[in-house]
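**Student:** Input work_11.pdb, format and content: PDB, C-alpha atoms.
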```
ATOM      1  CA  ILE R 177     -18.299 -11.571  39.014  1.00  0.00           C
ATOM      2  CA  TYR R 178     -19.607 -12.631  42.437  1.00  0.00           C
ATOM      3  CA  VAL R 179     -18.238 -10.772  45.484  1.00  0.00           C
ATOM      4  CA  HIS R 180     -19.276 -10.501  49.104  1.00  0.00           C
ATOM      5  CA  ASP R 181     -21.696  -7.743  49.989  1.00  0.00           C
ATOM      6  CA  THR R 182     -19.128  -6.063  52.178  1.00  0.00           C
ATOM      7  CA  VAL R 183     -16.792  -5.343  49.217  1.00  0.00           C
ATOM      8  CA  TYR R 184     -19.459  -4.841  46.548  1.00  0.00           C
ATOM      9  CA  ASP R 185     -19.077  -1.068  46.282  1.00  0.00           C
ATOM     10  CA  ARG R 186     -15.277  -1.241  46.188  1.00  0.00           C
ATOM     11  CA  ALA R 187     -15.307  -4.006  43.546  1.00  0.00           C
ATOM     12  CA  LEU R 188     -17.764  -2.061  41.388  1.00  0.00           C
ATOM     13  CA  ASN R 189     -15.558   1.013  41.635  1.00  0.00           C
ATOM     14  CA  VAL R 190     -12.495  -0.986  40.555  1.00  0.00           C
ATOM     15  CA  ILE R 191     -14.342  -2.442  37.557  1.00  0.00           C
ATOM     16  CA  GLU R 192     -15.611   0.980  36.472  1.00  0.00           C
ATOM     17  CA  GLN R 193     -12.089   2.409  36.770  1.00  0.00           C
ATOM     18  CA  TYR R 194     -10.680  -0.455  34.693  1.00  0.00           C
ATOM     19  CA  LEU R 195     -13.238   0.050  31.922  1.00  0.00           C
ATOM     20  CA  LYS R 196     -12.534   3.777  31.905  1.00  0.00           C
ATOM     21  CA  GLU R 197      -8.760   3.291  31.571  1.00  0.00           C
ATOM     22  CA  ASN R 198      -9.008   0.516  28.952  1.00  0.00           C
ATOM     23  CA  LYS R 199     -11.936   1.611  26.824  1.00  0.00           C
ATOM     24  CA  ASP R 200      -9.842   1.331  23.595  1.00  0.00           C
ATOM     25  CA  VAL R 201      -8.229  -2.036  24.352  1.00  0.00           C
ATOM     26  CA  HIS R 202     -11.158  -4.027  22.924  1.00  0.00           C
ATOM     27  CA  PRO R 203     -12.831  -1.610  20.512  1.00  0.00           C
ATOM     28  CA  ILE R 204     -16.107  -2.371  18.852  1.00  0.00           C
ATOM     29  CA  GLN R 205     -15.572  -3.940  15.456  1.00  0.00           C
ATOM     30  CA  ASP R 206     -15.643  -1.383  12.674  1.00  0.00           C
ATOM     31  CA  THR R 207     -18.544  -2.125  10.351  1.00  0.00           C
ATOM     32  CA  SER R 208     -18.159   1.035   8.272  1.00  0.00           C
ATOM     33  CA  SER R 209     -16.061  -0.836   5.712  1.00  0.00           C
ATOM     34  CA  ILE R 210     -16.095  -4.484   4.646  1.00  0.00           C
ATOM     35  CA  GLU R 211     -13.066  -6.127   3.070  1.00  0.00           C
ATOM     36  CA  TYR R 212     -13.239  -8.388   0.007  1.00  0.00           C
ATOM     37  CA  GLY R 213     -11.723 -11.457   1.639  1.00  0.00           C
ATOM     38  CA  ARG R 214      -9.222 -14.126   0.711  1.00  0.00           C
ATOM     39  CA  THR R 215      -7.737 -13.925  -2.771  1.00  0.00           C
ATOM     40  CA  PHE R 216      -4.443 -14.823  -4.400  1.00  0.00           C
ATOM     41  CA  SER R 217      -4.749 -12.339  -7.241  1.00  0.00           C
ATOM     42  CA  GLY R 218      -1.501 -10.665  -6.184  1.00  0.00           C
ATOM     43  CA  ILE R 219       0.328 -13.723  -7.523  1.00  0.00           C
ATOM     44  CA  TRP R 220      -0.742 -13.048 -11.121  1.00  0.00           C
ATOM     45  CA  VAL R 221       1.076  -9.724 -11.293  1.00  0.00           C
ATOM     46  CA  PRO R 222       4.510 -11.262 -10.519  1.00  0.00           C
ATOM     47  CA  LEU R 223       3.897 -13.812 -13.280  1.00  0.00           C
ATOM     48  CA  ILE R 224       3.303 -10.945 -15.725  1.00  0.00           C
ATOM     49  CA  LEU R 225       6.511  -9.245 -14.563  1.00  0.00           C
ATOM     50  CA  VAL R 226       8.498 -12.451 -15.039  1.00  0.00           C
ATOM     51  CA  ALA R 227       7.022 -12.934 -18.532  1.00  0.00           C
ATOM     52  CA  CYS R 228       7.973  -9.372 -19.501  1.00  0.00           C
ATOM     53  CA  HIS R 229      11.517  -9.821 -18.190  1.00  0.00           C
ATOM     54  CA  VAL R 230      11.973 -13.075 -20.122  1.00  0.00           C
ATOM     55  CA  ALA R 231      10.624 -11.469 -23.306  1.00  0.00           C
ATOM     56  CA  ILE R 232      13.005  -8.512 -22.963  1.00  0.00           C
ATOM     57  CA  ALA R 233      15.961 -10.816 -22.264  1.00  0.00           C
ATOM     58  CA  MET R 234      15.151 -12.911 -25.353  1.00  0.00           C
ATOM     59  CA  SER R 235      14.926  -9.833 -27.562  1.00  0.00           C
ATOM     60  CA  HIS R 236      18.727  -9.318 -27.389  1.00  0.00           C
ATOM     61  CA  ASP R 237      18.137  -5.565 -27.569  1.00  0.00           C
ATOM     62  CA  SER R 238      17.236  -4.604 -24.020  1.00  0.00           C
ATOM     63  CA  GLN R 239      18.904  -1.186 -24.226  1.00  0.00           C
ATOM     64  CA  THR R 240      16.633  -0.130 -27.081  1.00  0.00           C
ATOM     65  CA  ILE R 241      13.603  -1.308 -25.098  1.00  0.00           C
ATOM     66  CA  VAL R 242      14.721   0.731 -22.058  1.00  0.00           C
ATOM     67  CA  ARG R 243      15.256   3.821 -24.228  1.00  0.00           C
ATOM     68  CA  THR R 244      11.859   3.377 -25.871  1.00  0.00           C
ATOM     69  CA  PHE R 245       9.711   2.357 -22.897  1.00  0.00           C
ATOM     70  CA  GLY R 246      11.701   3.416 -19.805  1.00  0.00           C
ATOM     71  CA  PRO R 247      10.637   6.323 -17.554  1.00  0.00           C
ATOM     72  CA  ASP R 248      12.824   8.979 -19.153  1.00  0.00           C
ATOM     73  CA  ALA R 249      11.601  12.209 -17.569  1.00  0.00           C
ATOM     74  CA  HIS R 250      11.905  14.442 -20.626  1.00  0.00           C
ATOM     75  CA  PRO R 251       9.817  12.304 -23.047  1.00  0.00           C
ATOM     76  CA  ILE R 252       7.183  11.756 -20.351  1.00  0.00           C
ATOM     77  CA  LEU R 253       6.713  15.493 -19.927  1.00  0.00           C
ATOM     78  CA  ARG R 254       6.520  15.858 -23.713  1.00  0.00           C
ATOM     79  CA  GLY R 255       3.473  13.598 -23.798  1.00  0.00           C
ATOM     80  CA  GLU R 256       4.802  10.020 -23.825  1.00  0.00           C
ATOM     81  CA  PHE R 257       2.798   9.142 -20.723  1.00  0.00           C
ATOM     82  CA  TYR R 258       2.762   5.432 -21.593  1.00  0.00           C
ATOM     83  CA  ARG R 259       6.308   5.280 -20.227  1.00  0.00           C
ATOM     84  CA  THR R 260       4.968   5.667 -16.687  1.00  0.00           C
ATOM     85  CA  VAL R 261       3.263   2.285 -17.230  1.00  0.00           C
ATOM     86  CA  THR R 262       5.726   0.365 -19.388  1.00  0.00           C
ATOM     87  CA  SER R 263       8.680   1.236 -17.172  1.00  0.00           C
ATOM     88  CA  LEU R 264       7.047  -0.767 -14.377  1.00  0.00           C
ATOM     89  CA  MET R 265       7.537  -3.905 -16.505  1.00  0.00           C
ATOM     90  CA  ILE R 266      11.287  -3.413 -17.101  1.00  0.00           C
ATOM     91  CA  HIS R 267      13.913  -4.620 -14.619  1.00  0.00           C
ATOM     92  CA  ALA R 268      17.667  -4.173 -14.624  1.00  0.00           C
ATOM     93  CA  ASN R 269      18.489  -7.812 -13.813  1.00  0.00           C
ATOM     94  CA  ALA R 270      17.134 -11.007 -12.280  1.00  0.00           C
ATOM     95  CA  LEU R 271      17.936  -9.922  -8.705  1.00  0.00           C
ATOM     96  CA  HIS R 272      16.049  -6.667  -9.232  1.00  0.00           C
ATOM     97  CA  LEU R 273      13.107  -8.653 -10.589  1.00  0.00           C
ATOM     98  CA  VAL R 274      13.074 -11.167  -7.709  1.00  0.00           C
ATOM     99  CA  GLY R 275      12.909  -8.437  -5.079  1.00  0.00           C
ATOM    100  CA  ASN R 276       9.952  -6.765  -6.742  1.00  0.00           C
ATOM    101  CA  VAL R 277       8.208 -10.077  -7.416  1.00  0.00           C
ATOM    102  CA  PHE R 278       8.218 -10.941  -3.717  1.00  0.00           C
ATOM    103  CA  GLY R 279       7.211  -7.399  -2.762  1.00  0.00           C
ATOM    104  CA  ILE R 280       4.244  -7.237  -5.105  1.00  0.00           C
ATOM    105  CA  ALA R 281       3.167 -10.797  -4.255  1.00  0.00           C
ATOM    106  CA  LEU R 282       2.976  -9.982  -0.536  1.00  0.00           C
ATOM    107  CA  CYS R 283       1.740  -6.384  -0.575  1.00  0.00           C
ATOM    108  CA  GLY R 284      -0.353  -6.792  -3.714  1.00  0.00           C
ATOM    109  CA  THR R 285      -2.190  -9.772  -2.281  1.00  0.00           C
ATOM    110  CA  ALA R 286      -2.885  -7.827   0.916  1.00  0.00           C
ATOM    111  CA  VAL R 287      -4.325  -4.914  -1.073  1.00  0.00           C
ATOM    112  CA  CYS R 288      -6.471  -7.254  -3.175  1.00  0.00           C
ATOM    113  CA  GLN R 289      -7.867  -8.894  -0.038  1.00  0.00           C
ATOM    114  CA  ILE R 290      -9.141  -5.476   1.016  1.00  0.00           C
ATOM    115  CA  MET R 291     -10.368  -4.096  -2.306  1.00  0.00           C
ATOM    116  CA  GLY R 292     -10.799  -7.148  -4.496  1.00  0.00           C
ATOM    117  CA  PRO R 293      -8.582  -8.486  -7.304  1.00  0.00           C
ATOM    118  CA  GLY R 294      -9.532  -6.039 -10.046  1.00  0.00           C
ATOM    119  CA  VAL R 295      -9.801  -2.854  -8.010  1.00  0.00           C
ATOM    120  CA  GLY R 296      -6.724  -3.760  -5.947  1.00  0.00           C
ATOM    121  CA  CYS R 297      -4.492  -4.346  -8.975  1.00  0.00           C
ATOM    122  CA  PHE R 298      -5.837  -1.184 -10.618  1.00  0.00           C
ATOM    123  CA  MET R 299      -5.080   0.898  -7.516  1.00  0.00           C
ATOM    124  CA  ILE R 300      -1.535  -0.478  -7.321  1.00  0.00           C
ATOM    125  CA  LEU R 301      -1.017   0.326 -11.004  1.00  0.00           C
ATOM    126  CA  VAL R 302      -2.283   3.869 -10.424  1.00  0.00           C
ATOM    127  CA  THR R 303       0.229   4.399  -7.611  1.00  0.00           C
ATOM    128  CA  GLY R 304       3.066   3.200  -9.853  1.00  0.00           C
ATOM    129  CA  ILE R 305       1.975   5.511 -12.664  1.00  0.00           C
ATOM    130  CA  GLY R 306       1.511   8.436 -10.276  1.00  0.00           C
ATOM    131  CA  GLY R 307       4.872   7.888  -8.601  1.00  0.00           C
ATOM    132  CA  ASN R 308       6.707   7.756 -11.945  1.00  0.00           C
ATOM    133  CA  PHE R 309       4.944  10.851 -13.231  1.00  0.00           C
ATOM    134  CA  VAL R 310       5.665  12.957 -10.140  1.00  0.00           C
ATOM    135  CA  ASN R 311       9.272  11.732 -10.283  1.00  0.00           C
ATOM    136  CA  ALA R 312       9.479  12.953 -13.883  1.00  0.00           C
ATOM    137  CA  LEU R 313       8.123  16.344 -12.802  1.00  0.00           C
ATOM    138  CA  LEU R 314      10.860  16.513 -10.188  1.00  0.00           C
ATOM    139  CA  TYR R 315      13.767  15.664 -12.491  1.00  0.00           C
ATOM    140  CA  GLN R 316      12.413  17.209 -15.738  1.00  0.00           C
ATOM    141  CA  SER R 317      15.133  15.502 -17.837  1.00  0.00           C
ATOM    142  CA  GLY R 318      18.129  13.203 -17.690  1.00  0.00           C
ATOM    143  CA  HIS R 319      16.652  10.664 -15.308  1.00  0.00           C
ATOM    144  CA  VAL R 320      15.835   7.029 -16.153  1.00  0.00           C
ATOM    145  CA  SER R 321      14.726   4.492 -13.556  1.00  0.00           C
ATOM    146  CA  VAL R 322      13.142   1.128 -14.289  1.00  0.00           C
ATOM    147  CA  GLY R 323      11.288  -1.461 -12.243  1.00  0.00           C
ATOM    148  CA  SER R 324       7.973  -2.047 -10.512  1.00  0.00           C
ATOM    149  CA  SER R 325       9.279  -1.056  -7.071  1.00  0.00           C
ATOM    150  CA  THR R 326       7.408   2.260  -7.350  1.00  0.00           C
ATOM    151  CA  ALA R 327       4.177   0.256  -7.490  1.00  0.00           C
ATOM    152  CA  VAL R 328       5.382  -2.033  -4.681  1.00  0.00           C
ATOM    153  CA  PHE R 329       5.801   0.953  -2.369  1.00  0.00           C
ATOM    154  CA  GLY R 330       2.527   2.283  -3.725  1.00  0.00           C
ATOM    155  CA  ALA R 331       0.915  -0.897  -2.386  1.00  0.00           C
ATOM    156  CA  VAL R 332       2.635  -0.329   0.971  1.00  0.00           C
ATOM    157  CA  GLY R 333       1.230   3.202   0.953  1.00  0.00           C
ATOM    158  CA  ILE R 334      -2.274   1.947   0.137  1.00  0.00           C
ATOM    159  CA  LEU R 335      -2.186  -0.410   3.117  1.00  0.00           C
ATOM    160  CA  ALA R 336      -0.819   2.318   5.408  1.00  0.00           C
ATOM    161  CA  GLY R 337      -3.385   4.915   4.302  1.00  0.00           C
ATOM    162  CA  TYR R 338      -6.287   2.479   4.549  1.00  0.00           C
ATOM    163  CA  GLN R 339      -5.297   1.216   7.998  1.00  0.00           C
ATOM    164  CA  PHE R 340      -4.667   4.770   9.201  1.00  0.00           C
ATOM    165  CA  LEU R 341      -8.230   5.800   8.381  1.00  0.00           C
ATOM    166  CA  LYS R 342      -9.664   2.546   9.709  1.00  0.00           C
ATOM    167  CA  ARG R 343      -7.850   2.874  13.058  1.00  0.00           C
ATOM    168  CA  PHE R 344      -8.824   6.512  13.426  1.00  0.00           C
ATOM    169  CA  ARG R 345     -12.485   5.697  12.831  1.00  0.00           C
ATOM    170  CA  ARG R 346     -12.320   2.860  15.328  1.00  0.00           C
ATOM    171  CA  THR R 347     -10.504   4.624  18.179  1.00  0.00           C
ATOM    172  CA  ASN R 348     -10.996   8.310  17.299  1.00  0.00           C
ATOM    173  CA  ARG R 349      -7.433   8.840  18.488  1.00  0.00           C
ATOM    174  CA  TRP R 350      -4.623  10.189  16.279  1.00  0.00           C
ATOM    175  CA  THR R 351      -1.876   8.593  18.365  1.00  0.00           C
ATOM    176  CA  LYS R 352      -2.874   5.021  17.532  1.00  0.00           C
ATOM    177  CA  ALA R 353      -4.002   5.832  13.989  1.00  0.00           C
ATOM    178  CA  TRP R 354      -0.493   6.997  13.015  1.00  0.00           C
ATOM    179  CA  LEU R 355       1.081   3.592  13.700  1.00  0.00           C
ATOM    180  CA  PRO R 356       0.394   2.117  10.199  1.00  0.00           C
ATOM    181  CA  LEU R 357       1.907   5.205   8.562  1.00  0.00           C
ATOM    182  CA  GLY R 358       4.965   4.904  10.780  1.00  0.00           C
ATOM    183  CA  ALA R 359       5.336   1.248   9.821  1.00  0.00           C
ATOM    184  CA  GLY R 360       5.087   2.176   6.131  1.00  0.00           C
ATOM    185  CA  VAL R 361       7.749   4.866   6.471  1.00  0.00           C
ATOM    186  CA  ALA R 362      10.002   2.367   8.252  1.00  0.00           C
ATOM    187  CA  LEU R 363       9.617  -0.100   5.362  1.00  0.00           C
ATOM    188  CA  LEU R 364      10.345   2.673   2.875  1.00  0.00           C
ATOM    189  CA  ALA R 365      13.512   3.641   4.744  1.00  0.00           C
ATOM    190  CA  PHE R 366      14.663   0.048   5.189  1.00  0.00           C
ATOM    191  CA  LEU R 367      13.854  -1.420   1.766  1.00  0.00           C
ATOM    192  CA  GLY R 368      13.525   1.558  -0.545  1.00  0.00           C
ATOM    193  CA  SER R 369      16.737   3.486   0.022  1.00  0.00           C
ATOM    194  CA  GLY R 370      19.457   1.081  -1.100  1.00  0.00           C
ATOM    195  CA  LYS R 371      22.563   1.944  -3.075  1.00  0.00           C
ATOM    196  CA  HIS R 372      20.951   1.562  -6.524  1.00  0.00           C
ATOM    197  CA  SER R 373      17.391   2.452  -5.490  1.00  0.00           C
ATOM    198  CA  ASP R 374      15.450   5.412  -6.839  1.00  0.00           C
ATOM    199  CA  LEU R 375      14.372   6.769  -3.460  1.00  0.00           C
ATOM    200  CA  THR R 376      12.283   9.616  -4.871  1.00  0.00           C
ATOM    201  CA  ALA R 377      10.256   7.262  -7.106  1.00  0.00           C
ATOM    202  CA  HIS R 378       9.685   4.968  -4.130  1.00  0.00           C
ATOM    203  CA  LEU R 379       8.702   7.926  -1.958  1.00  0.00           C
ATOM    204  CA  PHE R 380       6.258   9.344  -4.500  1.00  0.00           C
ATOM    205  CA  GLY R 381       4.699   5.913  -5.087  1.00  0.00           C
ATOM    206  CA  PHE R 382       4.301   5.537  -1.318  1.00  0.00           C
ATOM    207  CA  LEU R 383       2.712   8.982  -0.938  1.00  0.00           C
ATOM    208  CA  VAL R 384       0.311   8.416  -3.836  1.00  0.00           C
ATOM    209  CA  GLY R 385      -0.551   5.080  -2.257  1.00  0.00           C
ATOM    210  CA  ILE R 386      -1.337   6.681   1.113  1.00  0.00           C
ATOM    211  CA  GLY R 387      -3.755   9.069  -0.570  1.00  0.00           C
ATOM    212  CA  ALA R 388      -5.347   6.282  -2.623  1.00  0.00           C
ATOM    213  CA  GLY R 389      -5.747   3.975   0.381  1.00  0.00           C
ATOM    214  CA  ALA R 390      -7.239   6.687   2.582  1.00  0.00           C
ATOM    215  CA  LEU R 391      -9.585   7.821  -0.206  1.00  0.00           C
ATOM    216  CA  TYR R 392     -10.756   4.264  -0.785  1.00  0.00           C
ATOM    217  CA  GLY R 393     -11.364   3.746   2.938  1.00  0.00           C
ATOM    218  CA  PHE R 394     -13.313   6.990   3.135  1.00  0.00           C
ATOM    219  CA  ALA R 395     -15.435   6.597  -0.012  1.00  0.00           C
ATOM    220  CA  VAL R 396     -15.995   2.836  -0.328  1.00  0.00           C
ATOM    221  CA  LYS R 397     -17.977   0.939   2.299  1.00  0.00           C
ATOM    222  CA  ARG R 398     -18.225  -2.386   0.468  1.00  0.00           C
ATOM    223  CA  PRO R 399     -15.889  -3.900  -2.172  1.00  0.00           C
ATOM    224  CA  ALA R 400     -17.180  -4.217  -5.715  1.00  0.00           C
ATOM    225  CA  GLY R 401     -18.676  -7.531  -6.753  1.00  0.00           C
ATOM    226  CA  LYS R 402     -16.952 -10.258  -8.781  1.00  0.00           C
ATOM    227  CA  LEU R 403     -18.365  -9.102 -12.110  1.00  0.00           C
ATOM    228  CA  PHE R 404     -16.986  -5.572 -11.635  1.00  0.00           C
ATOM    229  CA  GLN R 405     -13.681  -6.920 -10.376  1.00  0.00           C
TER
END
```
Output the file's structure in the form of structure tokens.

**Tutor:**
Amino acid sequence: IYVHDTVYDRALNVIEQYLKENKDVHPIQDTSSIEYGRTFSGIWVPLILVACHVAIAMSHDSQTIVRTFGPDAHPILRGEFYRTVTSLMIHANALHLVGNVFGIALCGTAVCQIMGPGVGCFMILVTGIGGNFVNALLYQSGHVSVGSSTAVFGAVGILAGYQFLKRFRRTNRWTKAWLPLGAGVALLAFLGSGKHSDLTAHLFGFLVGIGAGALYGFAVKRPAGKLFQ
């Protein structure tokens, strides 16, 4: 910036004051973690969910399938841990399925773009399993809830936890780092607390996701390669 000699000192003082007040407006790019990049792997999971729903509908015995593979708290705590996985593939109806398909397609794709297709899908599955298991610990018995929405909110939690750590590293300020967590909580409140929603399962999936996302951001500096994925 060219200024006249008579106002040089005042101009320099103004520029220094501006930089001091706005030092976090244009932060240096964070190179501590590198994201995987563009991928559409989150689309494959909805296709699997649709295939499972069609298969269950064609079986003409959906109630038996729910009783056998649903997240019934009591059998889970007796050792039938597979229910925490299989229950993610069961949906009450087509509307329930559509909501989760869109949720996992959007959030799942975002997670996979950070971590890669294999690791991203695995992390989302872990949050769904963890959320269902903690929910079973809470209820102990007499509680059955189906659907992949626990994993959907797990993906939301992963994104919130990862962005929280990334923002904190970049700015070193808690106030700005909390914004992704606040956005995740807002989504949980808006989308995960409907009339027929299992709020506790959604909440536990979200919390497990926050921990998983933050842990990944802390421990992993570069996504795994294609072969590992």

**Student:** Carefully work through the PyMOL selection byres ((chain R and resi 305) around 9) for this structure and note down the residues it includes, as an MDAnalysis selection string.

**Tutor:** chainID R and resid 257:261 264 300:304 306:310 326:327 381

**Student:** Please compute the atom CA of Arg186 of chain R-atom CA of Thr347 of chain R distance, one decimal, in Å.

**Tutor:**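 Answer for the atom CA of Arg186 of chain R to atom CA of Thr347 of chain R separation: 29.0 Å.
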
**Student:** I'd like the residues picked by the PyMOL selection byres ((chain R and resi 283) around 12) written out as a PyMOL selection string, using the chain letters and numbers from the file.

**Tutor:** chain R and resi 216-219+221-222+276-282+284-290+296-297+300+325+327-336+360+363+385

**Student:** Leaving out segment 225-242 of chain R and any residue of its chain fewer than 6 positions from it, which residues lie within 9 Å of it when counting all atoms listed in the file, given as a PDB file with C-alpha atoms, in the coordinates of the input?

**Tutor:**
```pdb
ATOM      1  CA  ASP R 248      12.824   8.979 -19.153  1.00  0.00           C
ATOM      2  CA  SER R 263       8.680   1.236 -17.172  1.00  0.00           C
ATOM      3  CA  LEU R 264       7.047  -0.767 -14.377  1.00  0.00           C
ATOM      4  CA  MET R 265       7.537  -3.905 -16.505  1.00  0.00           C
ATOM      5  CA  ILE R 266      11.287  -3.413 -17.101  1.00  0.00           C
ATOM      6  CA  HIS R 267      13.913  -4.620 -14.619  1.00  0.00           C
ATOM      7  CA  ASN R 269      18.489  -7.812 -13.813  1.00  0.00           C
ATOM      8  CA  ALA R 270      17.134 -11.007 -12.280  1.00  0.00           C
ATOM      9  CA  LEU R 273      13.107  -8.653 -10.589  1.00  0.00           C
ATOM     10  CA  VAL R 274      13.074 -11.167  -7.709  1.00  0.00           C
ATOM     11  CA  ASN R 276       9.952  -6.765  -6.742  1.00  0.00           C
ATOM     12  CA  VAL R 277       8.208 -10.077  -7.416  1.00  0.00           C
ATOM     13  CA  VAL R 320      15.835   7.029 -16.153  1.00  0.00           C
ATOM     14  CA  VAL R 322      13.142   1.128 -14.289  1.00  0.00           C
ATOM     15  CA  SER R 324       7.973  -2.047 -10.512  1.00  0.00           C
TER      16      SER R 324
END
```

**Student:** Step by step, work through what the PyMOL selection byres ((chain R and resi 395-404) around 12) selects in the shown file, and finish by giving those residues as a PyMOL selection string.

**Tutor:** chain R and resi 206-213+215+287-296+338+341-342+387-394+405

**Student:** To one decimal in Å, tell me the separation between atom CA of Leu313 of chain R and atom CA of Leu253 of chain R.

**Tutor:**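 Taking atom CA of Leu313 of chain R and atom CA of Leu253 of chain R, their separation equals 7.3 Å.
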
**Student:** Please measure the separation of atom CA of Leu375 of chain R and atom CA of Asn311 of chain R, giving the value in Å to one decimal.

**Tutor:** 9.9 Å

**Student:** Using all atoms listed in the file, find the one residue out of R:Leu357, R:Ile191, R:Leu364, R:Ile224 that sits nearest to Arg343 of chain R.

**Tutor:**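 Looking at the shortest contact to Arg343 of chain R, the residue is R:Leu357.
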
**Student:** I'd like the box whose edges run along x, y and z of the file and which contains every listed atom of segment 328-331 of chain R, padded by 4 Å per side; could you state its centre and edge lengths in Å, one decimal, as AutoDock Vina command-line options?

**Tutor:**
```
--center_x 3.4 --center_y 0.1 --center_z -3.5 --size_x 12.9 --size_y 12.3 --size_z 10.3
```

**Student:** Under the rule that all atoms listed in the file are counted, which of R:Ile252, R:Ser373, R:Phe344, R:His272 is the nearest residue to Tyr315 of chain R?

**Tutor:**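 The closest residue to Tyr315 of chain R is R:Ile252.
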